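Engineer: Structure incoming, see below.
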Amino acid sequence: MNKKFKKIVLRTASLVSAFAIMGASFMLAPDETQLRSYAAADSKVQKLEDDIKALEKTQKELLSKISASKNEASQVSQTKKYLDSLIYTLETKISTSNELMKELNLKIDEANADIKVREEEIKKTNEKFIARLRMAHEDGSASYIEMLLEAESISDFLSRMERVNAMLEYDKTLKENYQAEKETLEKEKDNLTLSVQLQQETLQKLEQDKKDAEKQSSQAASYYNKLQSDTAAYQAQYNKAKAEEDKLDAELTKYLKSIQEQNSSQVTATGEYMWPLPVGKGVITCTYGGKDPGGRPHYALDVAIPYGTPIYASNDGTVLTASWHSSYGYYIVIDHGNGMSTLYAHCSSLAVTAGTQVKKGATIGGVGSTGYSTGNHLHFEVRKGGVRVNPLNYVKKGV
């Protein structure tokens, strides 16, 4: 082979090799448009974001109603109802945001795992590619450059070049495919990481919203105390709340008796009943048989404890009711079978719905001051045959 031909071959081979190993590409950082596109493409993420937006709309509507009614003495009960709903809405937003956080974190973990696999595959592909460029003669084959250098004529060179090009094109395509997969996964990871960062900012805002709502709720609860200077107005509010409470008590007694008579309980609890709050926390402010602040007999345990403290199911059972009442606020009734049931009132949030089967110790809600209440506490009832009985005859005191 003459020197001129050899020079051309070397230059051509160098260009082919350089072209083959080029595969790097630039990646753009995810922007908000990309993030929204990703969210829209993931149905579960999109649904959670839509739920949060709907709750934000409800929150704004409630804030507007509170603003319009909070200065009217005649609107105390209605304002309190709006505040109860606002707290519950905020709690639901926080719960939904936490669920979204878990979903995003799960997807980030999946993306990281996929990226690790792809990177290993790309590494192996590159090693194979480099090895093929540096083939030694002992394996019985020549390197690409040596193959070209051994050409004896232009036609032989072109023939060898065609074979080399086919092999290099395969390597290049393989590398590009792996690189494209890696970049796609890394971009997805960037988008998800940004989603989590945005969600964490949202959670911080929600925590502030919750504090604000708790403060407003405390102020609304204090309205009842402020009314004491106007004896007639205070007594009217008190009588209204207690009348609603008596009405609900009669309805529950009748309903729970019918369940016992029909033997229709889905779950029959066994074993001891547990204290429905974290043990060692809180203070009993009113016992069964004592007097409530208005002087009426009290057929439950009231336990003062910080806002948001988890409330536990006292035993296995089926949730009969998880709703709002003007006096009890957000409350839960659980049927335990054998004519036994428990009631948990003034909740800030509900973690169960009617029909849910719960295990003893399951979190069913959070402590609050919803309904006719003058502070954060749990109103806890135990009923036998629908009739209220002393909880301490069934539950070991946990404070």
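By order in the structure tokens, chains are A, B, ...; within a chain, residues start at 1; ligands start at 1, following the order shown.
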Write out as CSV a residue-level contact list of range 269-328 of chain A versus range 358-370 of chain A with cut-off 6 Å: for each qualifying residue the closest pair of atoms and the distance in Å to one decimal, counting only C-alpha atoms, rows sorted by chain and residue number upward.

Structural biologist:
```
residue,atom,partner,partner_atom,distance
A:Tyr307,CA,A:Gly368,CA,5.2
A:Gly308,CA,A:Gly366,CA,4.7
A:Thr309,CA,A:Val367,CA,5.2
A:Pro310,CA,A:Gly366,CA,4.6
A:Ile311,CA,A:Gly365,CA,5.3
A:Tyr312,CA,A:Thr363,CA,4.6
A:Ala313,CA,A:Gly361,CA,5.1
A:Ser314,CA,A:Lys360,CA,5.5
A:Asn315,CA,A:Lys360,CA,3.9
A:Asp316,CA,A:Lys359,CA,4.3
A:Gly317,CA,A:Val358,CA,5.5
```

Engineer: For range 83-91 of chain A, please output as a PyMOL selection string all residues within 7 Å (counting only C-alpha atoms; exclusion window: fewer than 6 positions along the same chain).

Structural biologist: chain A and resi 55+59+62+206+210+213-214+217+348-349+370

Engineer: With a distance cut-off of 12 Å and only C-alpha atoms, select the neighbouring residues of Pro293 in chain A, excluding the residue or stretch itself and same-chain residues fewer than 4 positions from it, and output the selection as a list in words.

Structural biologist: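 Once the nearby chain positions are removed, what remains is Tyr224, Asn225, Gln228, Tyr234, Gln235, Tyr238, Lys242, Thr285, Cys286, Pro297, His298, Asp302, Tyr372, Ser373 and Thr374 of chain A.
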
Engineer: Restricting the calculation to only C-alpha atoms: of A:Pro306, A:Gly294, A:Gly280, A:Gly355, which residue gets closest to Asn239 in chain A?

Structural biologist: A:Gly294

Engineer: Interatomic distance between CA of Tyr299 in chain A and CA of Gln216 in chain A?

Structural biologist: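 If I compute the distance from CA of Tyr299 in chain A to CA of Gln216 in chain A, I get 28.5 Å.
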
Engineer: Check the smallest atom-to-atom distance from each of A:Lys102, A:Lys187, A:Arg383, A:Lys60 to Val333 in chain A using only C-alpha atoms, then report the winner.

Structural biologist: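 Of A:Lys102, A:Lys187, A:Arg383, A:Lys60, the one nearest Val333 in chain A, counting only C-alpha atoms, is A:Arg383.
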
Engineer: As a ChimeraX atom specification, please: the residues near Trp324 in chain A (cut-off 10 Å, only C-alpha atoms, same-chain neighbours under 6 positions excluded).

Structural biologist: /A:81,84-85,330-332,345-347,350,370-371

Engineer: Keeping only N, CA and C atoms, write those residues as an mmCIF file, in the first residue's frame.

Structural biologist:
```
data_model
loop_
_atom_site.group_PDB
_atom_site.id
_atom_site.type_symbol
_atom_site.label_atom_id
_atom_site.label_comp_id
_atom_site.auth_asym_id
_atom_site.auth_seq_id
_atom_site.Cartn_x
_atom_site.Cartn_y
_atom_site.Cartn_z
ATOM 1 N N LYS A 81 -69.841 26.757 62.224
ATOM 2 C CA LYS A 81 -69.998 25.681 61.247
ATOM 3 C C LYS A 81 -69.048 25.882 60.071
ATOM 4 N N ASP A 84 -65.557 25.046 61.243
ATOM 5 C CA ASP A 84 -65.394 23.595 61.320
ATOM 6 C C ASP A 84 -65.113 23.019 59.934
ATOM 7 N N SER A 85 -65.876 23.497 58.956
ATOM 8 C CA SER A 85 -65.701 23.018 57.589
ATOM 9 C C SER A 85 -64.349 23.436 57.031
ATOM 10 N N TYR A 330 -67.705 17.252 64.079
ATOM 11 C CA TYR A 330 -67.400 16.033 63.335
ATOM 12 C C TYR A 330 -67.280 14.891 64.340
ATOM 13 N N TYR A 331 -68.077 13.842 64.116
ATOM 14 C CA TYR A 331 -68.111 12.754 65.085
ATOM 15 C C TYR A 331 -68.165 11.401 64.380
ATOM 16 N N ILE A 332 -67.827 10.363 65.130
ATOM 17 C CA ILE A 332 -67.767 8.995 64.608
ATOM 18 C C ILE A 332 -68.483 8.069 65.580
ATOM 19 N N ALA A 345 -66.450 12.543 69.518
ATOM 20 C CA ALA A 345 -66.984 13.808 68.998
ATOM 21 C C ALA A 345 -65.986 14.959 69.061
ATOM 22 N N HIS A 346 -66.337 16.034 68.333
ATOM 23 C CA HIS A 346 -65.565 17.283 68.225
ATOM 24 C C HIS A 346 -64.253 17.095 67.451
ATOM 25 N N CYS A 347 -64.233 16.126 66.549
ATOM 26 C CA CYS A 347 -63.016 15.828 65.765
ATOM 27 C C CYS A 347 -62.675 16.971 64.812
ATOM 28 N N LEU A 350 -61.690 13.445 59.952
ATOM 29 C CA LEU A 350 -62.192 12.073 59.970
ATOM 30 C C LEU A 350 -61.348 11.236 59.022
ATOM 31 N N THR A 370 -64.614 21.109 67.069
ATOM 32 C CA THR A 370 -65.745 21.385 66.176
ATOM 33 C C THR A 370 -67.058 21.212 66.936
ATOM 34 N N GLY A 371 -68.123 21.830 66.410
ATOM 35 C CA GLY A 371 -69.424 21.777 67.066
ATOM 36 C C GLY A 371 -69.497 22.720 68.243
#
```

Engineer: Could you tell me which of A:Lys291, A:Lys107, A:Lys47, A:His377 comes closest to Glu188 in chain A if we count only C-alpha atoms?

Structural biologist: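 For Glu188 in chain A, the nearest of the candidates is A:Lys107.
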